[in-house]
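Written out below as structure tokens is the structure these notes cover.
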Amino acid sequence: MQTDALLAEEIRQVYIESDLLYSQLEVEQAINRMAAEITEALGEQDPVLFCVMNGGLVITGQLLTRLNFPLQVSYLHATRYRNTTSGHELEWKVPPMIDFTGRPVLIIDDILDEGHTLAEILDFCRAQGASRVYSAVLINKLHERKARPDLQAEFVGLEIEDRYIFGYGMDYKGYWRNAPGIYAVKGM
Ligand SMILES: O=P(O)(O)OC[C@H]1O[C@H](OP(=O)(O)OP(=O)(O)O)[C@H](O)[C@@H]1O
Ligand code: HPA
């Protein structure tokens with residue numbers, strides 16, 4: 001079999017053998033709660049929201065239609081895993097392109113795993129003059145390997161055990177960001 005055919009087979013197999021950790025309904029309920037908490041904290045603050053591409057795509061879109069107050073939204077692109085299942089140095093592909101000097105910023109991403117990605121993005125936004133920097137993640141992964149012991153997002157959808165997951169923006173080798181639930185890869 002050709003390499004791409006082998007990968008396609010692996011990708012299908014990973015989905016078939018995965019464990020569903022949270023259904024679409026459970027994820028949507030968590031997003032509703034996050035949106036209410038964000039509205040409560042930022043509804044009067046004229047914030048700038050940044051989607052962390054690629055993984056933040058789905059949660060950002062799902063949150064946006066639930067945030068009924070004045071805000072601006074844009075994206076930044078930083079990657080550490082590069083479509084693999086283990087992290088490397090953070091690579092900035094696109095820095096924030098809206099000026100947010102003196103304004104609150106909300107960084108939105110799919111997952112806070114070891115937290116190197118979020119920590120570096122938060123530091124960058126603080127150094128660039130945000131009045132305050134908040135973060136929202138759909139998933140917080142529970143383990144003792146956080147980049148900083150005190151690192152937490154203000155807004156968290158769901159917590160998961162220490163397994164490699166995909167769905168709702170999170171990928172397995174670049175695939176299954178579109179999976180409509182939170183799935184854990186068998187054996188990982
Ligand atoms: O907490 P960490 O251990 O730093 O990992 C979390 C980051 O890893 C993933 O991005 P990735 O680098 O895979 O790029 P992607 O957004 O294109 O999937 C995810 O979207 C987070 O941004
Ligand atoms: O468990 C994960 N799944 C997908 N992407 C990720 N990026 C960090 N951790 C993960």
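A note on labels: chains of the structure tokens are A, B, ... as shown, every chain counts residues from 1, and ligands are counted from 1 in their shown order.
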
Handout entry: Protein and nucleic residues near ligand 2, 8 Å, only C-alpha atoms and all ligand atoms, as a PyMOL selection string
Key = chain A and resi 55+80-81+85-87+111-114+141+162-166+170-172+184

Write out as a tab-separated table the residues of chain A that have any atom within 10 Å of an atom of ligand 1, one row each with the nearest atom pair and its distance in Å to one decimal, counting only C-alpha atoms and all ligand atoms, sorted by chain and then rising number.
```
residue	atom	partner	partner_atom_place_in_ligand_line	distance
A:Cys51	CA	ligand 1	22 (O)	9.7
A:Val52	CA	ligand 1	22 (O)	6.3
A:Met53	CA	ligand 1	16 (O)	5.0
A:Asn54	CA	ligand 1	16 (O)	3.8
A:Gly55	CA	ligand 1	16 (O)	3.7
A:Gly56	CA	ligand 1	20 (O)	6.0
A:Leu57	CA	ligand 1	16 (O)	8.4
A:His77	CA	ligand 1	16 (O)	7.5
A:Ala78	CA	ligand 1	12 (O)	6.6
A:Thr79	CA	ligand 1	12 (O)	3.4
A:Arg80	CA	ligand 1	12 (O)	3.4
A:Tyr81	CA	ligand 1	12 (O)	3.8
A:Arg82	CA	ligand 1	13 (O)	5.4
A:Asn83	CA	ligand 1	13 (O)	5.8
A:Thr84	CA	ligand 1	13 (O)	7.1
A:Thr85	CA	ligand 1	13 (O)	7.6
A:Ser86	CA	ligand 1	3 (O)	8.2
A:Gly87	CA	ligand 1	3 (O)	6.2
A:His88	CA	ligand 1	12 (O)	8.2
A:Glu89	CA	ligand 1	4 (O)	9.1
A:Leu90	CA	ligand 1	12 (O)	7.3
A:Glu91	CA	ligand 1	12 (O)	8.2
A:Trp92	CA	ligand 1	12 (O)	10.0
A:Ile108	CA	ligand 1	22 (O)	9.1
A:Asp109	CA	ligand 1	22 (O)	5.9
A:Asp110	CA	ligand 1	20 (O)	5.3
A:Ile111	CA	ligand 1	21 (C)	5.2
A:Leu112	CA	ligand 1	1 (O)	4.2
A:Asp113	CA	ligand 1	1 (O)	3.5
A:Glu114	CA	ligand 1	3 (O)	3.6
A:Gly115	CA	ligand 1	1 (O)	3.3
A:His116	CA	ligand 1	4 (O)	4.0
A:Thr117	CA	ligand 1	4 (O)	3.8
A:Leu118	CA	ligand 1	4 (O)	6.2
A:Ala119	CA	ligand 1	4 (O)	8.0
A:Glu120	CA	ligand 1	4 (O)	8.8
A:Ile121	CA	ligand 1	22 (O)	9.7
A:Val137	CA	ligand 1	21 (C)	9.1
A:Ile139	CA	ligand 1	6 (C)	9.7
A:Asn140	CA	ligand 1	1 (O)	8.7
A:Lys141	CA	ligand 1	1 (O)	8.5
A:Arg145	CA	ligand 1	3 (O)	9.0
A:Lys146	CA	ligand 1	1 (O)	7.7
A:Ala147	CA	ligand 1	1 (O)	8.0
A:Phe166	CA	ligand 1	18 (O)	9.8
A:Gly169	CA	ligand 1	20 (O)	7.4
A:Met170	CA	ligand 1	18 (O)	6.0
A:Asp171	CA	ligand 1	18 (O)	6.0
A:Tyr172	CA	ligand 1	18 (O)	8.7
A:Lys173	CA	ligand 1	18 (O)	8.8
A:Gly174	CA	ligand 1	18 (O)	7.2
A:Tyr175	CA	ligand 1	18 (O)	9.6
A:Arg177	CA	ligand 1	18 (O)	8.5
```

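Atom CA of A:Pro96 sits 8.6 Å away from atom CA of A:Cys125.
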
Handout entry: Members of chain A assigned helix (DSSP H, G or I) by DSSP, as a VMD selection string
Key = chain A and resid 3 to 17 24 to 42 57 to 64 116 to 127

Output N, CA and C atoms for every residue in that selection, as a compact mmCIF listing (two decimals), in the first residue's frame.
```txt
# COMPACT_ATOMS: atom_id res chain seq x y z
N THR A 3 2.05 5.16 1.00
CA THR A 3 2.10 5.82 2.30
C THR A 3 0.80 6.55 2.62
N ASP A 4 0.27 7.32 1.65
CA ASP A 4 -0.93 8.10 1.95
C ASP A 4 -2.14 7.18 2.18
N ALA A 5 -2.16 6.04 1.52
CA ALA A 5 -3.25 5.08 1.75
C ALA A 5 -3.13 4.47 3.15
N LEU A 6 -1.90 4.24 3.59
CA LEU A 6 -1.67 3.72 4.95
C LEU A 6 -2.13 4.73 5.99
N LEU A 7 -1.79 6.00 5.76
CA LEU A 7 -2.20 7.04 6.71
C LEU A 7 -3.72 7.15 6.74
N ALA A 8 -4.35 7.12 5.58
CA ALA A 8 -5.81 7.22 5.52
C ALA A 8 -6.45 6.08 6.30
N GLU A 9 -5.88 4.89 6.20
CA GLU A 9 -6.40 3.73 6.92
C GLU A 9 -6.21 3.92 8.44
N GLU A 10 -5.02 4.42 8.81
CA GLU A 10 -4.75 4.67 10.24
C GLU A 10 -5.74 5.69 10.81
N ILE A 11 -5.99 6.74 10.03
CA ILE A 11 -6.88 7.81 10.50
C ILE A 11 -8.29 7.26 10.74
N ARG A 12 -8.77 6.44 9.81
CA ARG A 12 -10.10 5.83 9.99
C ARG A 12 -10.12 4.92 11.20
N GLN A 13 -9.05 4.14 11.36
CA GLN A 13 -8.97 3.16 12.45
C GLN A 13 -8.94 3.85 13.81
N VAL A 14 -8.21 4.96 13.88
CA VAL A 14 -8.12 5.70 15.15
C VAL A 14 -9.50 6.16 15.60
N TYR A 15 -10.30 6.62 14.66
CA TYR A 15 -11.66 7.08 15.01
C TYR A 15 -12.51 5.89 15.48
N ILE A 16 -12.45 4.80 14.74
CA ILE A 16 -13.28 3.62 15.07
C ILE A 16 -12.94 3.09 16.46
N GLU A 17 -11.65 3.09 16.80
CA GLU A 17 -11.21 2.47 18.07
C GLU A 17 -11.17 3.46 19.24
N GLN A 24 -21.40 15.38 21.99
CA GLN A 24 -21.65 16.72 21.46
C GLN A 24 -22.55 17.52 22.40
N LEU A 25 -23.56 16.86 22.95
CA LEU A 25 -24.47 17.56 23.87
C LEU A 25 -23.72 18.05 25.11
N GLU A 26 -22.87 17.21 25.65
CA GLU A 26 -22.11 17.62 26.85
C GLU A 26 -21.17 18.78 26.52
N VAL A 27 -20.55 18.73 25.34
CA VAL A 27 -19.64 19.81 24.96
C VAL A 27 -20.43 21.11 24.78
N GLU A 28 -21.60 21.02 24.14
CA GLU A 28 -22.40 22.23 23.92
C GLU A 28 -22.88 22.84 25.23
N GLN A 29 -23.21 22.00 26.18
CA GLN A 29 -23.61 22.53 27.49
C GLN A 29 -22.45 23.26 28.16
N ALA A 30 -21.24 22.69 28.01
CA ALA A 30 -20.05 23.34 28.59
C ALA A 30 -19.79 24.67 27.89
N ILE A 31 -19.98 24.72 26.58
CA ILE A 31 -19.75 25.97 25.84
C ILE A 31 -20.78 27.03 26.26
N ASN A 32 -22.03 26.60 26.49
CA ASN A 32 -23.05 27.55 26.97
C ASN A 32 -22.61 28.18 28.28
N ARG A 33 -22.08 27.34 29.18
CA ARG A 33 -21.65 27.85 30.49
C ARG A 33 -20.47 28.79 30.34
N MET A 34 -19.50 28.41 29.49
CA MET A 34 -18.34 29.29 29.25
C MET A 34 -18.81 30.65 28.72
N ALA A 35 -19.74 30.63 27.77
CA ALA A 35 -20.21 31.88 27.17
C ALA A 35 -20.86 32.78 28.21
N ALA A 36 -21.63 32.17 29.12
CA ALA A 36 -22.27 32.97 30.19
C ALA A 36 -21.21 33.57 31.10
N GLU A 37 -20.18 32.81 31.41
CA GLU A 37 -19.12 33.32 32.29
C GLU A 37 -18.32 34.44 31.61
N ILE A 38 -18.05 34.27 30.31
CA ILE A 38 -17.31 35.30 29.57
C ILE A 38 -18.14 36.57 29.47
N THR A 39 -19.43 36.41 29.22
CA THR A 39 -20.32 37.58 29.13
C THR A 39 -20.34 38.34 30.45
N GLU A 40 -20.43 37.59 31.53
CA GLU A 40 -20.44 38.21 32.87
C GLU A 40 -19.14 39.01 33.11
N ALA A 41 -18.01 38.45 32.73
CA ALA A 41 -16.72 39.10 33.02
C ALA A 41 -16.37 40.20 32.02
N LEU A 42 -16.74 40.04 30.75
CA LEU A 42 -16.21 40.93 29.71
C LEU A 42 -17.28 41.71 28.94
N LEU A 57 -10.13 27.07 16.29
CA LEU A 57 -11.14 27.44 15.29
C LEU A 57 -12.56 27.09 15.70
N VAL A 58 -12.79 25.87 16.13
CA VAL A 58 -14.16 25.41 16.41
C VAL A 58 -14.70 26.07 17.67
N ILE A 59 -13.92 26.06 18.76
CA ILE A 59 -14.43 26.63 20.01
C ILE A 59 -14.64 28.14 19.86
N THR A 60 -13.78 28.81 19.10
CA THR A 60 -13.98 30.26 18.90
C THR A 60 -15.30 30.51 18.18
N GLY A 61 -15.53 29.79 17.11
CA GLY A 61 -16.77 29.98 16.34
C GLY A 61 -17.99 29.66 17.19
N GLN A 62 -17.90 28.60 17.97
CA GLN A 62 -19.06 28.19 18.78
C GLN A 62 -19.32 29.20 19.90
N LEU A 63 -18.24 29.75 20.46
CA LEU A 63 -18.43 30.77 21.51
C LEU A 63 -19.00 32.06 20.92
N LEU A 64 -18.49 32.45 19.75
CA LEU A 64 -18.84 33.77 19.21
C LEU A 64 -20.34 33.99 19.08
N HIS A 116 2.60 25.41 27.49
CA HIS A 116 3.67 26.25 26.93
C HIS A 116 3.09 27.24 25.91
N THR A 117 2.16 26.76 25.11
CA THR A 117 1.56 27.61 24.07
C THR A 117 0.86 28.80 24.72
N LEU A 118 -0.03 28.52 25.66
CA LEU A 118 -0.81 29.59 26.27
C LEU A 118 0.09 30.54 27.05
N ALA A 119 1.05 30.01 27.81
CA ALA A 119 1.92 30.87 28.63
C ALA A 119 2.66 31.87 27.74
N GLU A 120 3.16 31.40 26.62
CA GLU A 120 3.93 32.29 25.75
C GLU A 120 3.03 33.34 25.09
N ILE A 121 1.84 32.94 24.70
CA ILE A 121 0.90 33.88 24.07
C ILE A 121 0.46 34.94 25.09
N LEU A 122 0.17 34.52 26.32
CA LEU A 122 -0.25 35.46 27.36
C LEU A 122 0.86 36.47 27.64
N ASP A 123 2.10 35.98 27.76
CA ASP A 123 3.24 36.87 28.00
C ASP A 123 3.36 37.89 26.87
N PHE A 124 3.21 37.41 25.64
CA PHE A 124 3.32 38.29 24.47
C PHE A 124 2.27 39.40 24.53
N CYS A 125 1.03 39.04 24.84
CA CYS A 125 -0.06 40.04 24.85
C CYS A 125 0.13 41.05 25.98
N ARG A 126 0.61 40.57 27.13
CA ARG A 126 0.90 41.50 28.24
C ARG A 126 2.00 42.48 27.81
N ALA A 127 3.06 41.94 27.21
CA ALA A 127 4.18 42.80 26.80
C ALA A 127 3.76 43.80 25.74
```
